[in-house]
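Working notes, structure below.
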Amino acid sequence: MYCIKKILLPILLLIATVNGYCQYSSVSYYVVAQQDQWQLFMGINAYNDISGGTNGARKKVVIIYTTAGDESCNGVPLNIPYYQARQEGANNCVEFCADQWGTHETWSTSTGTVLNHQILRTQYKNVISYCLKLTGGCYDGGLMGQSLQYLHNGTIPSMSAVDSSANYSNWDDLVKTIRAIIINESSGINELWLNTADTDQVINPGDHPDNIHTAHLGIDAVTDIPHVSLNLYREYITASLPINLSDKDIATESALLSLLDYGRTEKSQPSEWNSLHVSFTSRNYCRTIIKH
């Protein structure tokens with residue numbers, strides 16, 4: 001894991017097999033705003049968590065996408081094909097990571113109720129994804145003036161999913177919803193990890209507002225949950241930092257970027273393969289905070 005560790009914590013091996021899947025001793029949460037966020041900035045850690053990396057110790061992985069990734073900025077109409085294509089790319093990446101340890105399988109999909117909110121839940125092998133589909137705020141107010149930043153700072157009183165599947169009455173309502181997901185998915189597991197953007201804007205300057213406020217959301221949600229350790233990632237700033245991944249890891253992250261882009265272009269959306277995104281494939285920076 002490419003993180004600066006403050007305290008080393010023993011990693012428990014995964015044990016027992018039930019119905020073809022492991023009884024996991026560790027669960028890793030990726031709480032992200034955008035469908036390409038974990039691949040670009042957390043990619044090799046996510047790959048190792050899902051696939052088991054070199055030691056084969058696969059974790060249960062839960063990815064919580066807070067926004068639809070619609071980029072409907074400042075009154076631009078909702079771009080449904082675009083956000084669906086972005087999710088397709090993210091799903092491609094999940095399959096790539098999980099299929100390193102077995103043949104291709106099918107996804108299971110359901111819409112569940114979490115604290116009276118309808119949320120899409122999908123699963124592929126050991127990876128579970130929750131899609132809240134909130135409006136992407138871009139660098140200002142998003143669709144109809146809604147954004148996570150505005151909800152967090154009280155500019156707007158509530159926020160809705162782009163498909164009207166759920167409404168969150170305030171920031172605390174959203175925090176409690178994320179907390180409920182984490183508690184539900186952690187049943188019987190004592191080692192929990194939260195992976196999200198670093199909210200310290202001295203360490204992580206210039207990050208996307210949706211990413212930063214999603215990180216605040218995740219951190220707020222686990223404040224009173226014991227045994228949750230944090231991996232906090234530097235994001236856009238990493239493009240200007242020294243390369244710190246091996247050639248093998250760069251190849252893995254490049255594959256993730258390729259699959260993201262294929263998901264977009266396959267759905268007739270423009271390619272986002274560019275020099276900035278490519279630069280992220282050779283760099284992962286995070287700091288780790290261990291909670292006991």
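The way I read the labels, and the way they are meant: chains A, B, ... in the order of the structure tokens, residue 1 as the first residue of every chain, and ligand 1 as the first ligand shown, with later ones counted on from there.
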
Got a sec to tell me which of range 111-247 of chain A DSSP assigns to strand (DSSP E), as JSON, numbers by chain? {"A": [111, 112, 113, 114, 117, 118, 119, 120, 121, 122, 123, 124, 127, 128, 129, 130, 131, 132, 133, 134, 159, 160, 167, 168, 191, 192, 193, 194, 195, 196, 197, 228, 229, 230, 231, 232, 233, 234]}

File of the preceding selection, N, CA, C and O atoms, as a short mmCIF file (atom, residue, chain, number, x, y, z; two decimals), in the first residue's frame:
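Produced file again33.cif, reproduced below:
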data_model
loop_
_atom_site.label_atom_id
_atom_site.label_comp_id
_atom_site.auth_asym_id
_atom_site.auth_seq_id
_atom_site.Cartn_x
_atom_site.Cartn_y
_atom_site.Cartn_z
N THR A 111 -32.41 -2.35 -5.45
CA THR A 111 -32.61 -1.02 -4.87
C THR A 111 -33.11 -1.20 -3.47
O THR A 111 -34.21 -1.73 -3.25
N GLY A 112 -32.27 -0.82 -2.51
CA GLY A 112 -32.63 -1.01 -1.11
C GLY A 112 -32.99 0.29 -0.45
O GLY A 112 -32.81 1.38 -1.00
N THR A 113 -33.53 0.19 0.76
CA THR A 113 -33.91 1.36 1.53
C THR A 113 -32.95 1.50 2.70
O THR A 113 -32.79 0.58 3.50
N VAL A 114 -32.30 2.65 2.77
CA VAL A 114 -31.39 2.96 3.87
C VAL A 114 -31.90 4.23 4.53
O VAL A 114 -31.90 5.31 3.92
N HIS A 117 -34.26 6.07 2.43
CA HIS A 117 -33.75 6.54 1.15
C HIS A 117 -33.55 5.36 0.22
O HIS A 117 -32.94 4.36 0.59
N GLN A 118 -34.07 5.48 -1.00
CA GLN A 118 -33.88 4.44 -2.00
C GLN A 118 -32.50 4.60 -2.64
O GLN A 118 -32.18 5.65 -3.20
N ILE A 119 -31.67 3.55 -2.54
CA ILE A 119 -30.30 3.62 -3.04
C ILE A 119 -30.00 2.36 -3.85
O ILE A 119 -30.26 1.24 -3.39
N LEU A 120 -29.42 2.56 -5.02
CA LEU A 120 -29.03 1.44 -5.88
C LEU A 120 -27.81 0.73 -5.27
O LEU A 120 -26.80 1.37 -4.98
N ARG A 121 -27.92 -0.59 -5.13
CA ARG A 121 -26.83 -1.42 -4.61
C ARG A 121 -26.52 -2.50 -5.63
O ARG A 121 -27.41 -3.23 -6.06
N THR A 122 -25.26 -2.59 -6.04
CA THR A 122 -24.85 -3.63 -6.97
C THR A 122 -23.69 -4.41 -6.36
O THR A 122 -22.95 -3.89 -5.51
N GLN A 123 -23.55 -5.66 -6.79
CA GLN A 123 -22.46 -6.48 -6.27
C GLN A 123 -21.84 -7.30 -7.39
O GLN A 123 -22.53 -7.88 -8.23
N TYR A 124 -20.50 -7.33 -7.38
CA TYR A 124 -19.75 -8.21 -8.26
C TYR A 124 -18.66 -8.87 -7.43
O TYR A 124 -17.73 -8.22 -6.97
N VAL A 127 -17.04 -7.17 -4.34
CA VAL A 127 -17.17 -5.71 -4.43
C VAL A 127 -18.65 -5.32 -4.45
O VAL A 127 -19.41 -5.78 -5.30
N ILE A 128 -19.01 -4.45 -3.53
CA ILE A 128 -20.38 -3.94 -3.44
C ILE A 128 -20.33 -2.44 -3.70
O ILE A 128 -19.48 -1.73 -3.15
N SER A 129 -21.20 -1.97 -4.56
CA SER A 129 -21.24 -0.54 -4.90
C SER A 129 -22.60 0.05 -4.53
O SER A 129 -23.64 -0.57 -4.79
N TYR A 130 -22.57 1.23 -3.95
CA TYR A 130 -23.77 2.01 -3.66
C TYR A 130 -23.70 3.29 -4.50
O TYR A 130 -22.68 3.99 -4.48
N CYS A 131 -24.77 3.59 -5.20
CA CYS A 131 -24.81 4.78 -6.06
C CYS A 131 -25.90 5.71 -5.57
O CYS A 131 -27.09 5.46 -5.80
N LEU A 132 -25.50 6.80 -4.90
CA LEU A 132 -26.48 7.74 -4.36
C LEU A 132 -27.02 8.68 -5.44
O LEU A 132 -28.10 9.26 -5.28
N LYS A 133 -26.27 8.88 -6.50
CA LYS A 133 -26.69 9.68 -7.67
C LYS A 133 -27.06 11.12 -7.31
O LYS A 133 -27.98 11.71 -7.88
N LEU A 134 -26.32 11.71 -6.38
CA LEU A 134 -26.54 13.13 -6.08
C LEU A 134 -25.99 13.99 -7.21
O LEU A 134 -25.12 13.57 -7.98
N MET A 159 -30.93 18.11 -0.50
CA MET A 159 -30.33 17.72 -1.77
C MET A 159 -30.97 16.44 -2.26
O MET A 159 -31.27 15.54 -1.46
N SER A 160 -31.16 16.34 -3.59
CA SER A 160 -31.85 15.19 -4.16
C SER A 160 -30.96 14.44 -5.15
O SER A 160 -30.04 15.02 -5.73
N ASN A 167 -34.25 11.94 -1.41
CA ASN A 167 -33.99 13.32 -0.99
C ASN A 167 -33.39 13.29 0.41
O ASN A 167 -33.86 12.54 1.27
N TYR A 168 -32.37 14.09 0.62
CA TYR A 168 -31.69 14.15 1.91
C TYR A 168 -31.99 15.51 2.52
O TYR A 168 -31.69 16.55 1.93
N GLU A 191 -12.15 -5.27 11.36
CA GLU A 191 -11.12 -4.40 10.77
C GLU A 191 -11.73 -3.63 9.61
O GLU A 191 -12.10 -4.19 8.58
N LEU A 192 -11.86 -2.32 9.77
CA LEU A 192 -12.50 -1.46 8.79
C LEU A 192 -11.52 -0.39 8.31
O LEU A 192 -10.78 0.19 9.11
N TRP A 193 -11.56 -0.14 7.01
CA TRP A 193 -10.72 0.90 6.40
C TRP A 193 -11.60 1.86 5.60
O TRP A 193 -12.47 1.42 4.85
N LEU A 194 -11.34 3.14 5.77
CA LEU A 194 -12.00 4.16 4.96
C LEU A 194 -10.97 4.80 4.04
O LEU A 194 -9.96 5.33 4.51
N ASN A 195 -11.22 4.73 2.74
CA ASN A 195 -10.37 5.35 1.73
C ASN A 195 -11.13 6.51 1.11
O ASN A 195 -12.22 6.33 0.56
N THR A 196 -10.54 7.70 1.20
CA THR A 196 -11.21 8.88 0.66
C THR A 196 -10.19 9.99 0.46
O THR A 196 -9.01 9.83 0.80
N ALA A 197 -10.60 11.10 -0.10
CA ALA A 197 -9.68 12.21 -0.34
C ALA A 197 -9.22 12.82 0.98
O ALA A 197 -9.93 12.77 2.00
N VAL A 228 -12.09 1.91 12.74
CA VAL A 228 -12.05 2.37 11.35
C VAL A 228 -10.75 3.15 11.14
O VAL A 228 -10.59 4.25 11.69
N SER A 229 -9.84 2.60 10.37
CA SER A 229 -8.60 3.30 10.05
C SER A 229 -8.77 4.03 8.73
O SER A 229 -9.58 3.64 7.87
N LEU A 230 -8.03 5.11 8.55
CA LEU A 230 -8.23 6.00 7.41
C LEU A 230 -7.02 5.99 6.48
O LEU A 230 -5.88 6.10 6.93
N ASN A 231 -7.27 5.87 5.18
CA ASN A 231 -6.31 6.18 4.14
C ASN A 231 -6.80 7.44 3.44
O ASN A 231 -7.85 7.43 2.79
N LEU A 232 -6.06 8.53 3.58
CA LEU A 232 -6.46 9.83 3.04
C LEU A 232 -5.53 10.19 1.88
O LEU A 232 -4.32 10.29 2.05
N TYR A 233 -6.12 10.42 0.70
CA TYR A 233 -5.36 10.52 -0.54
C TYR A 233 -5.22 11.94 -1.04
O TYR A 233 -6.18 12.72 -1.05
N ARG A 234 -4.03 12.25 -1.49
CA ARG A 234 -3.80 13.47 -2.27
C ARG A 234 -4.27 13.16 -3.69
O ARG A 234 -4.06 12.05 -4.20
#

List as a ChimeraX atom specification the protein and nucleic acid residues near range 241-256 of chain A, meaning an atom at most 6 Å away when only C-alpha atoms are counted, but skip any in the same chain fewer than 3 places from it. /A:43,93,238,259,281-283

Given the selection you just returned, output its residues as a file containing N, CA, C and O atoms, formatted as a PDB file, in the first residue's frame.
ATOM      1  N   GLY A  43      -5.862   3.880  -7.135  1.00  0.00           N
ATOM      2  CA  GLY A  43      -6.003   2.703  -7.981  1.00  0.00           C
ATOM      3  C   GLY A  43      -5.289   1.466  -7.523  1.00  0.00           C
ATOM      4  O   GLY A  43      -5.881   0.385  -7.455  1.00  0.00           O
ATOM      5  N   CYS A  93     -13.912  -1.481 -14.409  1.00  0.00           N
ATOM      6  CA  CYS A  93     -12.731  -1.541 -13.545  1.00  0.00           C
ATOM      7  C   CYS A  93     -12.926  -2.524 -12.399  1.00  0.00           C
ATOM      8  O   CYS A  93     -11.992  -3.255 -12.027  1.00  0.00           O
ATOM      9  N   THR A 238      -1.207  15.390  -7.234  1.00  0.00           N
ATOM     10  CA  THR A 238      -0.210  14.345  -7.493  1.00  0.00           C
ATOM     11  C   THR A 238       0.395  14.436  -8.890  1.00  0.00           C
ATOM     12  O   THR A 238       1.488  13.930  -9.123  1.00  0.00           O
ATOM     13  N   LEU A 259      -9.968   1.122 -19.149  1.00  0.00           N
ATOM     14  CA  LEU A 259     -11.311   0.579 -18.976  1.00  0.00           C
ATOM     15  C   LEU A 259     -12.331   1.672 -18.672  1.00  0.00           C
ATOM     16  O   LEU A 259     -13.484   1.598 -19.107  1.00  0.00           O
ATOM     17  N   THR A 281      -1.627   7.871 -13.374  1.00  0.00           N
ATOM     18  CA  THR A 281      -1.413   6.425 -13.350  1.00  0.00           C
ATOM     19  C   THR A 281      -0.053   6.030 -12.791  1.00  0.00           C
ATOM     20  O   THR A 281       0.167   4.842 -12.524  1.00  0.00           O
ATOM     21  N   SER A 282       0.852   6.967 -12.606  1.00  0.00           N
ATOM     22  CA  SER A 282       2.179   6.643 -12.072  1.00  0.00           C
ATOM     23  C   SER A 282       2.385   7.177 -10.662  1.00  0.00           C
ATOM     24  O   SER A 282       3.496   7.121 -10.130  1.00  0.00           O
ATOM     25  N   ARG A 283       1.297   7.648 -10.032  1.00  0.00           N
ATOM     26  CA  ARG A 283       1.418   8.287  -8.726  1.00  0.00           C
ATOM     27  C   ARG A 283       0.222   7.956  -7.831  1.00  0.00           C
ATOM     28  O   ARG A 283      -0.921   8.133  -8.235  1.00  0.00           O
TER      29      ARG A 283
END

What lies within 7 Å of range 75-86 of chain A using only C-alpha atoms, ignoring chain neighbours under 4 positions off, as a PyMOL selection string? chain A and resi 35+68-70+90+142-144+263-264+267+269

I'd like the neighbourhood of range 174-177 of chain A as a PyMOL selection string, where a residue qualifies if any of its atoms comes within 12 Å (using only C-alpha atoms), though same-chain residues fewer than 5 positions away should be ignored. chain A and resi 31+64+66+113-119+130+132+134+148+151-152+157-161+166-169+182-184+213-225

So that I have them on file, write out the residues from the current selection with C-alpha atoms, as an mmCIF file, in the first residue's frame.
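Saved as out_1.cif:
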data_model
loop_
_atom_site.group_PDB
_atom_site.id
_atom_site.type_symbol
_atom_site.label_atom_id
_atom_site.label_comp_id
_atom_site.auth_asym_id
_atom_site.auth_seq_id
_atom_site.Cartn_x
_atom_site.Cartn_y
_atom_site.Cartn_z
ATOM 1 C CA VAL A 31 -16.147 6.811 -0.354
ATOM 2 C CA ILE A 64 -19.893 4.434 -2.216
ATOM 3 C CA THR A 66 -22.016 9.996 -3.759
ATOM 4 C CA THR A 113 -33.906 1.356 1.531
ATOM 5 C CA VAL A 114 -31.390 2.960 3.867
ATOM 6 C CA LEU A 115 -32.969 5.244 6.471
ATOM 7 C CA ASN A 116 -35.959 5.729 4.148
ATOM 8 C CA HIS A 117 -33.747 6.545 1.150
ATOM 9 C CA GLN A 118 -33.885 4.443 -2.003
ATOM 10 C CA ILE A 119 -30.301 3.620 -3.042
ATOM 11 C CA TYR A 130 -23.768 2.014 -3.665
ATOM 12 C CA LEU A 132 -26.485 7.738 -4.359
ATOM 13 C CA LEU A 134 -26.536 13.128 -6.083
ATOM 14 C CA LEU A 148 -22.385 18.675 -1.730
ATOM 15 C CA LEU A 151 -25.293 21.235 1.482
ATOM 16 C CA HIS A 152 -22.273 21.010 3.791
ATOM 17 C CA PRO A 157 -31.265 23.019 3.050
ATOM 18 C CA SER A 158 -31.578 19.679 1.226
ATOM 19 C CA MET A 159 -30.327 17.722 -1.765
ATOM 20 C CA SER A 160 -31.855 15.191 -4.162
ATOM 21 C CA ALA A 161 -30.652 12.405 -6.397
ATOM 22 C CA ALA A 166 -34.090 10.002 -2.801
ATOM 23 C CA ASN A 167 -33.988 13.322 -0.994
ATOM 24 C CA TYR A 168 -31.691 14.150 1.908
ATOM 25 C CA SER A 169 -33.148 16.708 4.275
ATOM 26 C CA ILE A 182 -21.000 1.203 6.685
ATOM 27 C CA ILE A 183 -22.480 -0.417 9.782
ATOM 28 C CA ASN A 184 -24.678 -2.754 7.707
ATOM 29 C CA HIS A 213 -16.957 17.308 0.634
ATOM 30 C CA THR A 214 -17.499 13.620 -0.029
ATOM 31 C CA ALA A 215 -14.414 13.024 2.111
ATOM 32 C CA HIS A 216 -15.896 15.173 4.876
ATOM 33 C CA LEU A 217 -19.043 13.076 4.550
ATOM 34 C CA GLY A 218 -17.174 9.784 4.908
ATOM 35 C CA ILE A 219 -15.051 10.987 7.813
ATOM 36 C CA ASP A 220 -18.093 12.391 9.622
ATOM 37 C CA ALA A 221 -19.888 9.077 9.102
ATOM 38 C CA VAL A 222 -17.190 6.975 10.818
ATOM 39 C CA THR A 223 -16.356 9.374 13.661
ATOM 40 C CA ASP A 224 -18.020 7.230 16.330
ATOM 41 C CA ILE A 225 -17.487 3.835 14.686
#

Taking the DSSP secondary structure from the backbone, can you list the residues of range 32-66 of chain A that are alpha helix (DSSP H), as number ranges by chain? A: 37-51

For N, CA, C and O atoms, I'd like the residues from the last selection saved as a CSV table (one decimal), in the first residue's frame.
chain,number,residue,atom,x,y,z
A,37,GLN,N,-12.8,8.4,-9.5
A,37,GLN,CA,-11.9,8.9,-8.5
A,37,GLN,C,-11.0,7.8,-7.9
A,37,GLN,O,-9.8,8.0,-7.7
A,38,TRP,N,-11.6,6.7,-7.6
A,38,TRP,CA,-10.8,5.7,-6.9
A,38,TRP,C,-9.7,5.1,-7.8
A,38,TRP,O,-8.6,4.7,-7.4
A,39,GLN,N,-10.0,5.0,-9.1
A,39,GLN,CA,-9.1,4.5,-10.1
A,39,GLN,C,-7.9,5.4,-10.3
A,39,GLN,O,-6.7,5.0,-10.4
A,40,LEU,N,-8.2,6.7,-10.4
A,40,LEU,CA,-7.1,7.7,-10.7
A,40,LEU,C,-6.2,8.0,-9.5
A,40,LEU,O,-5.0,8.2,-9.7
A,41,PHE,N,-6.8,8.0,-8.3
A,41,PHE,CA,-6.0,8.4,-7.2
A,41,PHE,C,-5.7,7.4,-6.1
A,41,PHE,O,-4.9,7.5,-5.3
A,42,MET,N,-6.5,6.3,-6.2
A,42,MET,CA,-6.3,5.2,-5.2
A,42,MET,C,-6.2,3.9,-5.8
A,42,MET,O,-6.3,2.8,-5.2
A,43,GLY,N,-5.9,3.9,-7.1
A,43,GLY,CA,-6.0,2.7,-8.0
A,43,GLY,C,-5.3,1.5,-7.5
A,43,GLY,O,-5.9,0.4,-7.5
A,44,ILE,N,-4.0,1.6,-7.2
A,44,ILE,CA,-3.3,0.3,-6.9
A,44,ILE,C,-3.7,-0.2,-5.6
A,44,ILE,O,-3.8,-1.5,-5.4
A,45,ASN,N,-4.1,0.6,-4.6
A,45,ASN,CA,-4.6,0.1,-3.3
A,45,ASN,C,-5.9,-0.6,-3.5
A,45,ASN,O,-6.2,-1.6,-2.9
A,46,ALA,N,-6.8,0.0,-4.3
A,46,ALA,CA,-8.1,-0.6,-4.6
A,46,ALA,C,-7.9,-1.9,-5.3
A,46,ALA,O,-8.6,-2.9,-5.0
A,47,TYR,N,-7.0,-1.9,-6.3
A,47,TYR,CA,-6.7,-3.2,-7.0
A,47,TYR,C,-6.3,-4.3,-6.1
A,47,TYR,O,-6.8,-5.4,-6.1
A,48,ASN,N,-5.4,-4.0,-5.2
A,48,ASN,CA,-4.9,-5.0,-4.2
A,48,ASN,C,-5.9,-5.4,-3.2
A,48,ASN,O,-6.0,-6.6,-2.9
A,49,ASP,N,-6.8,-4.5,-2.8
A,49,ASP,CA,-7.9,-4.8,-1.9
A,49,ASP,C,-8.8,-5.8,-2.5
A,49,ASP,O,-9.3,-6.8,-1.9
A,50,ILE,N,-9.2,-5.5,-3.8
A,50,ILE,CA,-10.2,-6.4,-4.5
A,50,ILE,C,-9.6,-7.7,-4.9
A,50,ILE,O,-10.2,-8.7,-4.7
A,51,SER,N,-8.4,-7.6,-5.5
A,51,SER,CA,-7.8,-8.8,-6.2
A,51,SER,C,-7.0,-9.7,-5.2
A,51,SER,O,-6.8,-10.9,-5.4

Using only C-alpha atoms, which of the listed residues (A:Asn126, A:Gln201, A:Gln146, A:Asn153) sits closest to Glu105 in chain A?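 Among the listed residues, A:Asn126 lies closest to Glu105 in chain A.
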